Each structure stands twice: as structure tokens, then as C-alpha cells.
>>> print(open('work.txt').read())   # compact mmCIF, C-alpha atoms
# COMPACT_ATOMS: atom_id res chain seq x y z
CA MET A 1 -4.13 115.76 144.27
CA LEU A 2 -7.28 115.05 146.26
CA SER A 3 -10.57 116.13 144.73
CA ASN A 4 -12.83 118.61 146.50
CA GLU A 5 -15.32 115.81 147.13
CA THR A 6 -12.66 113.61 148.73
CA VAL A 7 -11.47 116.48 150.94
CA SER A 8 -15.07 117.12 152.01
CA LEU A 9 -15.59 113.44 152.88
CA ILE A 10 -12.35 113.50 154.90
CA HIS A 11 -13.71 116.57 156.72
CA LEU A 12 -17.03 114.86 157.51
CA ASN A 13 -15.16 111.74 158.66
CA MET A 14 -13.21 113.90 161.14
CA ILE A 15 -16.37 115.17 162.86
CA GLN A 16 -16.94 112.83 165.79
CA GLY A 17 -20.55 111.67 165.75
CA VAL A 18 -21.02 111.88 161.99
CA GLY A 19 -21.18 108.38 160.56
CA LEU A 20 -21.87 106.70 157.26
CA LYS A 21 -25.67 106.89 157.59
CA THR A 22 -25.54 110.65 158.14
CA VAL A 23 -23.23 111.10 155.15
CA GLU A 24 -25.63 109.10 152.99
CA VAL A 25 -28.52 111.32 154.11
CA LEU A 26 -26.50 114.46 153.32
CA ARG A 27 -25.43 113.22 149.88
CA ASP A 28 -29.02 112.29 149.07
CA ALA A 29 -30.22 115.73 150.12
CA PHE A 30 -27.47 117.89 148.63
CA GLY A 31 -25.95 115.74 145.91
CA SER A 32 -22.38 115.88 147.25
CA ALA A 33 -20.30 116.15 150.41
CA VAL A 34 -18.98 119.51 149.18
CA ARG A 35 -22.46 120.96 149.03
CA ALA A 36 -23.43 119.34 152.35
CA LEU A 37 -20.61 121.12 154.19
CA GLN A 38 -21.81 124.41 152.73
CA ALA A 39 -25.41 123.88 153.84
CA THR A 40 -27.03 126.67 155.88
CA SER A 41 -28.91 126.15 159.13
CA GLU A 42 -32.17 126.67 157.24
CA GLU A 43 -31.28 123.99 154.71
CA LEU A 44 -30.32 121.52 157.43
CA GLU A 45 -33.60 122.17 159.25
CA LYS A 46 -35.52 120.95 156.20
CA ILE A 47 -33.94 117.48 156.32
CA GLU A 48 -36.31 115.47 158.49
CA ARG A 49 -33.98 112.48 158.76
CA LEU A 50 -31.47 114.57 160.74
CA SER A 51 -31.95 114.82 164.51
CA PRO A 52 -31.65 118.23 166.22
CA THR A 53 -28.36 117.07 167.76
CA MET A 54 -26.98 116.11 164.35
CA ARG A 55 -28.09 119.40 162.80
CA ASP A 56 -26.24 121.27 165.53
CA LEU A 57 -23.15 119.13 164.98
CA LEU A 58 -23.18 119.84 161.26
CA ARG A 59 -23.55 123.56 161.90
CA ARG A 60 -20.59 123.66 164.31
CA LYS A 61 -18.41 121.06 162.50
CA PRO A 62 -16.17 120.38 165.53
CA VAL A 63 -12.89 118.64 164.68
CA GLN A 64 -9.80 117.81 166.73
CA TYR A 65 -7.61 119.90 164.44
CA PRO A 66 -8.16 121.85 161.19
CA ILE A 67 -8.73 120.05 157.90
CA GLU A 68 -5.67 121.89 156.54
CA ARG A 69 -3.51 120.08 159.11
CA GLU A 70 -5.01 116.75 158.05
CA LEU A 71 -4.16 117.42 154.42
CA GLU A 72 -0.60 118.38 155.39
CA LEU A 73 -0.17 115.08 157.24
CA ILE A 74 -1.61 113.08 154.35
CA HIS A 75 0.97 114.67 152.08
CA ALA A 76 3.84 114.35 154.58
CA TYR A 77 3.30 110.60 155.01
CA GLY A 78 2.70 109.94 151.33
CA CYS A 79 -0.81 108.63 151.90
CA GLN A 80 -3.48 107.89 149.37
CA VAL A 81 -7.11 108.40 150.35
CA VAL A 82 -9.87 106.25 148.90
CA THR A 83 -13.53 106.89 149.72
CA LEU A 84 -16.48 104.54 149.66
CA TYR A 85 -17.63 106.16 146.42
CA ASP A 86 -14.38 105.60 144.51
CA ASP A 87 -13.81 102.77 142.03
CA ALA A 88 -10.53 101.95 143.79
CA TYR A 89 -12.33 101.09 147.05
CA PRO A 90 -11.80 97.37 147.93
CA PRO A 91 -14.84 95.52 146.57
CA LEU A 92 -15.07 92.95 149.38
CA LEU A 93 -14.97 95.67 152.03
CA LYS A 94 -17.76 97.55 150.28
CA GLU A 95 -20.05 94.55 150.87
CA ILE A 96 -20.06 94.69 154.69
CA ASP A 97 -22.82 96.40 156.70
CA THR A 98 -20.72 99.31 157.93
CA PRO A 99 -17.87 99.92 155.47
CA PRO A 100 -15.46 102.74 156.35
CA LEU A 101 -16.32 106.02 154.66
CA VAL A 102 -12.64 106.83 154.13
CA LEU A 103 -9.54 104.65 153.85
CA TYR A 104 -6.09 106.12 154.37
CA ILE A 105 -3.38 104.08 152.63
CA ARG A 106 0.40 104.01 152.96
CA GLY A 107 1.69 101.77 150.19
CA GLN A 108 -0.58 100.35 147.51
CA LEU A 109 -3.81 98.39 147.35
CA THR A 110 -4.05 96.35 144.15
CA SER A 111 -6.62 94.19 142.41
CA GLU A 112 -4.63 91.15 143.61
CA ASP A 113 -5.72 91.95 147.18
CA ALA A 114 -9.26 90.79 146.40
CA LEU A 115 -7.79 87.29 146.89
CA SER A 116 -6.87 87.58 150.54
CA ILE A 117 -7.01 85.78 153.87
CA SER A 118 -6.69 87.32 157.33
CA LEU A 119 -4.61 85.68 160.06
CA VAL A 120 -5.19 86.83 163.64
CA GLY A 121 -4.51 85.61 167.15
CA SER A 122 -3.02 86.33 170.54
CA ARG A 123 -0.52 89.09 171.18
CA ASP A 124 1.03 86.76 173.78
CA ALA A 125 1.40 83.85 171.38
CA LYS A 126 3.60 80.89 172.24
CA ASP A 127 6.36 79.64 169.96
CA TYR A 128 3.89 77.14 168.51
CA GLY A 129 1.40 79.82 167.49
CA ARG A 130 4.01 82.13 166.04
CA LYS A 131 5.53 79.30 164.04
CA VAL A 132 2.17 78.15 162.69
CA GLY A 133 1.11 81.71 161.86
CA TYR A 134 4.36 82.35 160.02
CA ARG A 135 4.21 79.15 157.99
CA LEU A 136 0.54 79.43 157.11
CA SER A 137 1.12 82.98 155.95
CA PHE A 138 4.24 81.97 154.03
CA GLN A 139 2.39 79.27 152.12
CA LEU A 140 -0.68 81.40 151.44
CA ALA A 141 1.56 84.11 150.02
CA GLN A 142 3.37 81.50 147.92
CA ARG A 143 -0.01 80.56 146.45
CA GLY A 144 -0.70 84.16 145.47
CA LEU A 145 -3.02 85.20 148.30
CA THR A 146 -2.60 88.48 150.16
CA VAL A 147 -2.29 88.10 153.95
CA VAL A 148 -4.15 90.63 156.09
CA SER A 149 -3.55 91.21 159.81
CA GLY A 150 -3.31 93.99 162.39
CA LEU A 151 0.44 94.60 163.02
CA ALA A 152 0.06 93.65 166.70
CA LYS A 153 2.65 91.61 168.54
CA GLY A 154 2.42 87.83 168.44
CA ILE A 155 0.40 86.16 165.68
CA ASP A 156 -0.10 89.34 163.63
CA THR A 157 3.65 89.98 163.47
CA SER A 158 4.38 86.38 162.46
CA ALA A 159 1.71 86.52 159.75
CA HIS A 160 3.09 89.70 158.18
CA ARG A 161 6.65 88.38 158.28
CA GLY A 162 5.69 85.07 156.71
CA ALA A 163 4.03 86.79 153.75
CA LEU A 164 6.92 89.21 153.25
CA GLU A 165 9.58 86.53 153.40
CA ALA A 166 7.66 84.46 150.86
CA GLY A 167 7.85 87.44 148.51
CA GLY A 168 4.11 88.01 148.76
CA ARG A 169 1.77 90.86 149.63
CA THR A 170 0.48 91.72 153.08
CA ILE A 171 -1.82 94.43 154.47
CA ALA A 172 -1.77 95.78 158.03
CA VAL A 173 -5.00 97.35 159.28
CA MET A 174 -4.22 99.93 161.96
CA GLY A 175 -6.15 100.94 165.07
CA SER A 176 -4.73 104.46 164.84
CA GLY A 177 -4.08 107.17 162.31
CA LEU A 178 -1.23 106.46 159.90
CA SER A 179 1.06 109.02 161.53
CA TYR A 180 1.38 106.50 164.38
CA ILE A 181 2.91 103.02 164.10
CA TYR A 182 1.71 100.81 166.94
CA PRO A 183 3.43 99.00 168.48
CA ALA A 184 6.55 101.12 167.91
CA THR A 185 8.67 97.96 168.00
CA ASN A 186 7.11 97.03 164.66
CA SER A 187 8.21 100.22 162.90
CA THR A 188 10.73 98.42 160.69
CA LEU A 189 8.18 95.75 159.86
CA ALA A 190 5.67 98.48 158.96
CA GLU A 191 8.17 99.97 156.51
CA LYS A 192 8.54 96.61 154.80
CA ILE A 193 4.77 96.16 154.64
CA GLU A 194 4.37 99.63 153.10
CA ALA A 195 6.94 98.68 150.44
CA SER A 196 5.33 95.31 149.62
CA GLY A 197 1.67 95.90 150.40
CA ALA A 198 -0.14 98.51 152.44
CA LEU A 199 -0.81 100.02 155.84
CA ILE A 200 -4.43 101.15 156.01
CA SER A 201 -6.69 102.91 158.49
CA GLU A 202 -10.11 104.54 158.64
CA PHE A 203 -8.96 106.91 161.37
CA PRO A 204 -7.79 110.49 160.72
CA MET A 205 -4.02 110.88 160.66
CA GLU A 206 -3.42 111.99 164.26
CA VAL A 207 -5.77 109.58 166.03
CA LYS A 208 -3.79 107.73 168.70
CA PRO A 209 -3.97 103.93 169.16
CA LYS A 210 -6.67 103.83 171.85
CA PRO A 211 -8.11 100.48 173.06
CA ARG A 212 -11.61 101.27 171.75
CA ASN A 213 -10.25 101.62 168.21
CA PHE A 214 -9.12 98.02 167.83
CA PRO A 215 -12.47 96.18 167.96
CA ARG A 216 -13.70 98.69 165.37
CA ARG A 217 -10.75 98.07 163.04
CA ASN A 218 -11.34 94.29 163.28
CA ARG A 219 -14.36 94.53 160.98
CA ILE A 220 -12.00 95.87 158.30
CA ILE A 221 -9.54 92.99 158.77
CA SER A 222 -12.32 90.47 158.22
CA GLY A 223 -14.17 92.59 155.66
CA LEU A 224 -11.19 92.86 153.32
CA THR A 225 -10.81 89.09 153.07
CA LEU A 226 -12.39 85.88 151.87
CA GLY A 227 -11.90 84.27 155.26
CA THR A 228 -10.28 84.64 158.67
CA VAL A 229 -7.91 82.18 160.34
CA VAL A 230 -7.57 82.31 164.14
CA VAL A 231 -4.25 80.96 165.46
CA GLU A 232 -4.06 80.79 169.27
CA ALA A 233 -6.68 82.84 171.09
CA SER A 234 -8.06 82.79 174.60
CA ASN A 235 -11.74 83.29 175.34
CA ARG A 236 -11.03 87.01 175.88
CA SER A 237 -8.99 87.54 172.74
CA GLY A 238 -9.86 90.29 170.30
CA ALA A 239 -9.25 87.73 167.55
CA LEU A 240 -12.62 86.20 168.45
CA ILE A 241 -14.26 89.53 167.63
CA THR A 242 -12.67 89.38 164.19
CA ALA A 243 -13.90 85.80 163.74
CA ARG A 244 -17.44 86.74 164.81
CA LEU A 245 -17.47 89.68 162.42
CA ALA A 246 -16.21 87.45 159.60
CA GLY A 247 -19.12 85.09 160.19
CA GLU A 248 -21.60 87.96 160.25
CA GLN A 249 -20.12 89.25 156.99
CA GLY A 250 -20.67 85.86 155.34
CA ARG A 251 -16.96 85.06 155.18
CA GLU A 252 -15.25 81.79 156.06
CA VAL A 253 -13.95 81.26 159.60
CA PHE A 254 -11.04 78.89 160.24
CA ALA A 255 -9.26 77.88 163.44
CA VAL A 256 -5.99 76.11 164.17
CA PRO A 257 -6.19 73.49 166.96
CA GLY A 258 -3.80 73.71 169.89
CA GLU A 259 -2.95 72.10 173.22
CA ILE A 260 -6.07 71.30 175.24
CA PHE A 261 -4.51 72.55 178.48
CA SER A 262 -3.42 75.92 177.09
CA GLU A 263 -5.45 79.05 177.82
CA LEU A 264 -4.51 80.21 174.30
CA SER A 265 -6.42 77.26 172.84
CA THR A 266 -9.72 77.90 174.60
CA GLY A 267 -10.89 80.49 172.09
CA THR A 268 -9.84 78.58 168.99
CA HIS A 269 -11.38 75.33 170.25
CA LYS A 270 -14.59 77.18 171.07
CA LEU A 271 -14.68 78.45 167.49
CA ILE A 272 -14.25 74.90 166.18
CA ASN A 273 -17.04 73.65 168.45
CA ASN A 274 -19.26 76.43 167.11
CA GLY A 275 -18.67 75.54 163.47
CA ALA A 276 -15.37 77.13 162.43
CA LYS A 277 -13.43 74.95 160.02
CA LEU A 278 -10.48 73.21 161.62
CA ILE A 279 -7.23 73.75 159.72
CA ASN A 280 -4.79 70.85 159.51
CA THR A 281 -3.25 71.83 156.17
CA VAL A 282 -3.13 74.83 153.88
CA ASP A 283 -5.22 72.84 151.42
CA ASP A 284 -7.94 72.49 154.10
CA LEU A 285 -8.29 76.26 153.89
CA LEU A 286 -7.94 76.60 150.14
CA ASN A 287 -10.54 73.93 149.43
CA GLU A 288 -13.16 75.97 151.30
CA LEU A 289 -12.68 79.02 149.08
CA PRO A 290 -14.87 79.79 146.05
CA PRO A 291 -13.91 78.01 142.80
CA TYR A 292 -12.92 81.26 141.11
CA VAL A 293 -10.24 81.73 143.78
CA LEU A 294 -8.79 78.28 143.19
CA ASN A 295 -8.67 79.04 139.47
CA HIS A 296 -6.44 82.03 140.14
CA ILE A 297 -3.92 80.60 142.57
CA GLN A 298 -1.00 78.31 141.90
CA SER A 299 -1.97 74.71 141.26
CA GLU A 300 0.67 72.78 143.16
CA SER A 301 -0.60 70.81 146.15
CA LEU A 302 0.74 71.55 149.63
CA THR A 303 0.41 68.58 151.95
CA ALA A 304 2.30 69.79 155.02
CA SER A 305 0.05 69.90 158.09
CA VAL A 306 -0.36 71.94 161.23
CA PRO A 307 0.38 69.50 164.05
CA ASN A 308 -2.33 69.00 166.64
CA THR A 309 0.30 68.26 169.24
CA ASP A 310 1.47 69.66 172.54
CA PRO A 311 2.52 73.26 171.80
CA SER A 312 5.09 73.01 174.59
CA GLN A 313 7.05 70.72 172.27
CA GLU A 314 7.01 73.31 169.50
CA PRO A 315 8.98 74.41 167.62
CA HIS A 316 10.82 71.05 167.74
CA VAL A 317 11.34 69.46 164.34
CA GLU A 318 12.45 65.90 164.85
CA LYS A 319 13.03 64.95 161.23
CA SER A 320 12.61 66.32 157.74
CA ASP A 321 9.31 64.49 157.26
CA THR A 322 6.93 67.28 156.19
CA LYS A 323 3.88 65.39 157.41
CA SER A 324 4.97 66.00 161.01
CA GLU A 325 5.72 69.66 160.63
CA ALA A 326 3.60 72.77 161.01
CA VAL A 327 2.48 74.12 157.64
CA GLN A 328 5.96 74.16 156.17
CA PRO A 329 7.27 76.28 153.30
CA PRO A 330 7.24 74.37 150.01
CA ARG A 331 10.18 72.02 149.42
CA GLU A 332 11.20 73.88 146.31
CA VAL A 333 12.07 77.00 148.32
CA PRO A 334 15.88 77.05 148.46
CA GLN A 335 17.28 76.58 151.95
CA PRO A 336 20.31 78.47 153.24
CA VAL A 337 23.62 76.63 153.22
CA GLN A 338 25.04 75.73 156.60
CA SER A 339 28.29 77.65 156.44
CA THR A 340 27.15 81.07 155.23
CA PRO A 341 24.26 83.03 156.75
CA PRO A 342 21.82 84.80 154.41
CA PRO A 343 22.68 88.46 153.81
CA ASP A 344 19.42 89.84 155.26
CA LEU A 345 20.00 88.80 158.87
CA THR A 346 20.10 91.37 161.66
CA PRO A 347 23.41 91.69 163.56
CA ASP A 348 22.03 89.64 166.48
CA GLU A 349 20.72 86.95 164.13
CA LYS A 350 24.11 86.69 162.42
CA THR A 351 25.90 86.50 165.79
CA VAL A 352 23.65 83.67 166.99
CA PHE A 353 23.82 81.86 163.63
CA ASP A 354 27.62 81.96 163.66
CA ALA A 355 27.66 80.55 167.21
CA ILE A 356 25.89 77.34 166.19
CA GLU A 357 28.49 74.65 165.59
CA THR A 358 28.23 71.51 163.47
CA PRO A 359 26.40 69.25 163.96
CA ALA A 360 24.48 71.11 166.71
CA SER A 361 24.87 73.38 169.74
CA HIS A 362 22.97 73.53 173.02
CA ILE A 363 21.31 76.86 173.81
CA ASP A 364 23.56 77.28 176.88
CA THR A 365 26.62 76.97 174.64
CA ILE A 366 25.21 79.58 172.26
CA VAL A 367 24.59 81.94 175.21
CA ARG A 368 28.18 81.51 176.43
CA THR A 369 29.60 82.02 172.94
CA THR A 370 27.56 85.12 172.10
CA GLN A 371 27.54 86.66 175.61
CA LEU A 372 23.91 87.65 174.98
CA PRO A 373 21.11 87.25 177.57
CA ILE A 374 19.35 83.89 177.32
CA GLY A 375 15.98 85.56 176.65
CA GLN A 376 17.42 87.46 173.73
CA VAL A 377 19.11 84.31 172.38
CA SER A 378 15.83 82.38 172.63
CA SER A 379 13.99 85.11 170.73
CA VAL A 380 16.64 85.27 168.01
CA LEU A 381 16.71 81.48 167.66
CA LEU A 382 12.94 81.49 167.19
CA MET A 383 13.21 84.07 164.41
CA LEU A 384 15.97 82.05 162.72
CA GLU A 385 13.77 78.99 162.92
CA LEU A 386 10.77 80.83 161.51
CA LYS A 387 13.00 81.87 158.61
CA GLY A 388 13.91 78.22 157.98
CA ILE A 389 17.60 78.84 158.72
CA VAL A 390 17.83 76.93 162.01
CA GLN A 391 16.16 73.78 163.33
CA GLN A 392 15.51 73.04 167.00
CA LEU A 393 16.21 69.47 168.03
CA PRO A 394 15.21 67.66 171.25
CA GLY A 395 17.03 68.75 174.39
CA LYS A 396 17.35 72.46 173.43
CA GLN A 397 19.86 71.61 170.73
CA PHE A 398 19.97 73.75 167.59
CA THR A 399 21.39 73.00 164.16
CA LYS A 400 21.78 74.97 160.97
CA ALA A 401 19.22 73.92 158.35
CA GLY A 402 20.89 72.24 155.42
>>> encode(input="work.txt", output="C-alpha cells")
Amino acid sequence: MLSNETVSLIHLNMIQGVGLKTVEVLRDAFGSAVRALQATSEELEKIERLSPTMRDLLRRKPVQYPIERELELIHAYGCQVVTLYDDAYPPLLKEIDTPPLVLYIRGQLTSEDALSISLVGSRDAKDYGRKVGYRLSFQLAQRGLTVVSGLAKGIDTSAHRGALEAGGRTIAVMGSGLSYIYPATNSTLAEKIEASGALISEFPMEVKPKPRNFPRRNRIISGLTLGTVVVEASNRSGALITARLAGEQGREVFAVPGEIFSELSTGTHKLINNGAKLINTVDDLLNELPPYVLNHIQSESLTASVPNTDPSQEPHVEKSDTKSEAVQPPREVPQPVQSTPPPDLTPDEKTVFDAIETPASHIDTIVRTTQLPIGQVSSVLLMLELKGIVQQLPGKQFTKAG
């Protein structure tokens, strides 16, 4: 049950044009959001720090739809609501210059999430970027860190999946109200994140995913975390906004190097040139975090590195030498046996897995065997490789990981 004060803060948050500074002025003047919403025109006139336009806005209280509808949606989607004045509000986020007044939550935020890293990058990521994002996220989650991203296609999706498949926690920060999952293709992924972490937003429930919302939500992605890692980003990528905000918030900024001829490396290399810390290994990242963080995470050393090689050769894995692989899951993680696929594969993943013969099969052979389009087979093979079930060898040959 939401308190009257929380409901009043939700109401103020729904009035376009009323921001955190105005709410602070109102709470100072009236002692609570409840009392502020009840203020008369005469009482509002006495507050010198309010402009005439703001006084008029507070008198009219225009909202897209009634507060009663908002409360119905919060209940229907099983959301929690945490305000800036609640003890449960994320402490790192409270430190930024413009923290959200209200956070809507599907799932759970926990105290563990104070130890978190954000992974962001291009929506049009190459195989290299998706593989690196997945493996970095996997290993961070294995070390007990929560992975934060934005549920977008590309790097965000790989980051969330890596954390989930490592059995860790992940948070998706949305650029819409929580009645919308965007992109819709990530609806299943969103359900898994809600079960093992949280979907969060500062936007009222029925706000659609408009382009202007995403730069605004980026400050939350960086603000929730100890540092931000950028994996593949062009000079126009929104990931660079997140990195800039992280720097302004006093958080660490990391970047993964890529191919010098790739447009998706221009943004990350620019970050490195401007002082972002280059990531070759997971330990490179961990060693830059405050000592109290290192005291709370697992102590084993991870030495696998992110290759600074031609991304067009990714995700080839020539041998089992971890020093040549991109931030690989720890050796102690059990690998699937060759003959039997894991039980959690999708139907397409199982079909493609079963089509791979021993010792290896060419992608054209897999396409002929499965009768699936080559683009679909390529996508499925990539997901199987990200899961550590399949290895790609030179010459478009694929083998089951032993």
C-alpha cells in the first residue's frame, strides 16, 4: 500500500514541467507533498521562489491521465514505487545532481545492487561486441557485481543475458513507463530480468518509449553504478552520453578497444584518448574500484583478456588458451557435454545444436540440415557461442564445446 505522501509525489511527478527543484521548494514551504497539492492560489502566491508560470501549473495540475489510473497500473503490473525521500532509494543514485524524484520498480532492488557496473554500447553491435559484452557481464556477475544496462538491442541485450546466465543480478533502466517493454523483442528477456533483478523507470506508467527519453534515462544507468563500461560505440552513440554523465557524476569510465577501421570503435577509442580506462581484462576493471568493493567480491583472479584484434575475426576461438579469448567465463563453470544439449535451449537453438556433427560442421551444412534461413542460423549460432555451448573455428566451421 502506497502512503499518501508517495501518491502525492507520484502525482507531482506526472505534471509535465514540475521537476525536482520545484518539489523541494514546495516541501520546504508546506512540509509535505500532500499539503503542497492542497495549497490554495493565495498560498502559492506567497512563495517567491515559484514563477507565475509554475504557480499556474500547480493550480491547474495538468496530467496526461488521472492519478487513479496511474495507481491502477502500478497495481496491475506489480510495481513498487520508491521516492527520493525513502530509505530504500538507491544510495549511489541519490548522490547525482538530478536524481529521479520517483522510481518505478518491477522486480526487486537490493542492497547488493550498490556494488554494480553498467555496460552500454551500440544497438547495431557486431559479433565481437556482443561476445565481449556477454563475457564481461558474465564474469562481473560471477564476482558478485550487479550489471546495469538499458534493455536495448545489441550490447545491452548481451550484457543482461551474460549476468542472468551467470546466475547473477541485472537491472534494466527503461526509457518508457513500465507498462511498455521496449524493444518488444526483448519481452522474454525483460521477464527474466524482473525475476532475477529489476526493471526500473522514472517515467509514469503509460509514457511511451520516445527518443527524447533515452538520453535522460542514461543518467540513471550511470548514476546507479560504480562505473560504466562502453563496448563498441560510434561517435554518435548514446553510450557516449552515458559515459560523459558517469564522468560528471564522479564515477569510473572504462572502454573496450576494437578494430581501428570500424565505425563502432571510433567512440570507444575517443573515450580512451580522453582518459577512459582501457579494459583488457576483468581485473583491469576491478582493480580501479574502491577497496571496499574488492573486499566484498570473490577473491579468485580472472586472467582472461578482451582481445584487441580485428573484430571481423570474432567470434573465432582458435584454441582453448584463455589468454587469447575475450573475457571468458571462469574455467570452473561446467561446460555442456557434446552429445546432449542443455535443457534451457529454445527450439531453434536445439535444432541448430543437433545439426552440428562431430568433429565440426560448416555453416552451409547446418543450413541444409536444419532448412532454416542462413541469417537465422547465424544468429542462433552466435547465441549458442555466447552461452559457451558451441565454438566457431576458422573457415565458418562450428563444433560443440566439450
>>> closest_atom_pairs(input="work.txt", of="segment 18-69 of chain A", to="segment 75-85 of chain A", cutoff="12 Å", atoms="only C-alpha atoms", output="tab-separated table")
residue	atom	partner	partner_atom	distance
A:Leu20	CA	A:Leu84	CA	9.6
A:Val23	CA	A:Leu84	CA	10.9
A:Glu24	CA	A:Leu84	CA	10.8
A:Arg27	CA	A:Tyr85	CA	11.1
A:Ser32	CA	A:Tyr85	CA	10.9
A:Ala33	CA	A:Tyr85	CA	11.1
A:Glu68	CA	A:His75	CA	10.8
A:Arg69	CA	A:His75	CA	9.9
>>> closest_residue(input="work.txt", among="A:Glu72, A:Leu103, A:Ile181, A:Asp97", to="Leu245 of chain A", atoms="all atoms listed in the file")
A:Asp97
>>> residues_near_point(input="work.txt", point="(-14.2, 105.6, 160.3)", cutoff="12 Å", atoms="only C-alpha atoms", output="PyMOL selection string")
chain A and resi 9-21+23+83-84+98-104+174-177+200-205+207+213-214+216-217+219-220
>>> closest_residue(input="work.txt", among="A:Ser265, A:Thr22, A:Ser8, A:Thr281", to="Leu37 of chain A", atoms="all atoms listed in the file")
A:Ser8
>>> residues_near_point(input="work.txt", point="(-4.1, 120.4, 150.5)", cutoff="10 Å", atoms="only C-alpha atoms", output="compact mmCIF listing (two decimals) with C-alpha atoms, in the coordinates of the input")
# COMPACT_ATOMS: atom_id res chain seq x y z
CA MET A 1 -4.13 115.76 144.27
CA LEU A 2 -7.28 115.05 146.26
CA SER A 3 -10.57 116.13 144.73
CA ASN A 4 -12.83 118.61 146.50
CA VAL A 7 -11.47 116.48 150.94
CA ILE A 67 -8.73 120.05 157.90
CA GLU A 68 -5.67 121.89 156.54
CA ARG A 69 -3.51 120.08 159.11
CA GLU A 70 -5.01 116.75 158.05
CA LEU A 71 -4.16 117.42 154.42
CA GLU A 72 -0.60 118.38 155.39
CA LEU A 73 -0.17 115.08 157.24
CA ILE A 74 -1.61 113.08 154.35
CA HIS A 75 0.97 114.67 152.08
>>> residues_around(input="work.txt", residues="segment 227-240 of chain A", least_positions_apart="4", cutoff="6 Å", atoms="only C-alpha atoms", output="PyMOL selection string")
chain A and resi 117-122+129+251-256+263-268
>>> residues_around(input="work.txt", residues="segment 365-368 of chain A", least_positions_apart="2", cutoff="12 Å", atoms="all atoms listed in the file", output="PyMOL selection string")
chain A and resi 348-349+351-357+360-363+370-381+396-399
>>> atom_distance(input="work.txt", atom1="atom CA of Arg169 of chain A", atom2="atom CA of Gly107 of chain A")
10.9 Å
>>> build_atoms(input="work.txt", residues="segment 278-289 of chain A", atoms="N, CA and C atoms", output="PDB file, in the frame of the given file")
ATOM      1  N   LEU A 278     -11.777  73.545 161.039  1.00  0.00           N
ATOM      2  CA  LEU A 278     -10.480  73.210 161.620  1.00  0.00           C
ATOM      3  C   LEU A 278      -9.445  73.099 160.508  1.00  0.00           C
ATOM      4  N   ILE A 279      -8.292  73.733 160.715  1.00  0.00           N
ATOM      5  CA  ILE A 279      -7.230  73.750 159.720  1.00  0.00           C
ATOM      6  C   ILE A 279      -6.115  72.796 160.117  1.00  0.00           C
ATOM      7  N   ASN A 280      -5.927  71.742 159.339  1.00  0.00           N
ATOM      8  CA  ASN A 280      -4.790  70.850 159.510  1.00  0.00           C
ATOM      9  C   ASN A 280      -3.744  71.075 158.425  1.00  0.00           C
ATOM     10  N   THR A 281      -4.166  71.563 157.276  1.00  0.00           N
ATOM     11  CA  THR A 281      -3.250  71.830 156.170  1.00  0.00           C
ATOM     12  C   THR A 281      -3.671  73.110 155.468  1.00  0.00           C
ATOM     13  N   VAL A 282      -2.778  73.665 154.697  1.00  0.00           N
ATOM     14  CA  VAL A 282      -3.130  74.830 153.880  1.00  0.00           C
ATOM     15  C   VAL A 282      -4.230  74.469 152.901  1.00  0.00           C
ATOM     16  N   ASP A 283      -4.183  73.258 152.372  1.00  0.00           N
ATOM     17  CA  ASP A 283      -5.220  72.840 151.420  1.00  0.00           C
ATOM     18  C   ASP A 283      -6.589  72.764 152.079  1.00  0.00           C
ATOM     19  N   ASP A 284      -6.654  72.456 153.401  1.00  0.00           N
ATOM     20  CA  ASP A 284      -7.940  72.490 154.100  1.00  0.00           C
ATOM     21  C   ASP A 284      -8.596  73.855 153.934  1.00  0.00           C
ATOM     22  N   LEU A 285      -7.786  74.889 154.023  1.00  0.00           N
ATOM     23  CA  LEU A 285      -8.290  76.260 153.890  1.00  0.00           C
ATOM     24  C   LEU A 285      -8.651  76.556 152.437  1.00  0.00           C
ATOM     25  N   LEU A 286      -7.724  76.261 151.544  1.00  0.00           N
ATOM     26  CA  LEU A 286      -7.940  76.600 150.140  1.00  0.00           C
ATOM     27  C   LEU A 286      -9.169  75.914 149.563  1.00  0.00           C
ATOM     28  N   ASN A 287      -9.411  74.686 149.982  1.00  0.00           N
ATOM     29  CA  ASN A 287     -10.540  73.930 149.430  1.00  0.00           C
ATOM     30  C   ASN A 287     -11.895  74.479 149.862  1.00  0.00           C
ATOM     31  N   GLU A 288     -11.908  75.355 150.860  1.00  0.00           N
ATOM     32  CA  GLU A 288     -13.160  75.970 151.300  1.00  0.00           C
ATOM     33  C   GLU A 288     -13.448  77.289 150.582  1.00  0.00           C
ATOM     34  N   LEU A 289     -12.507  77.751 149.772  1.00  0.00           N
ATOM     35  CA  LEU A 289     -12.680  79.020 149.080  1.00  0.00           C
ATOM     36  C   LEU A 289     -13.466  78.838 147.787  1.00  0.00           C
TER      37      LEU A 289
END
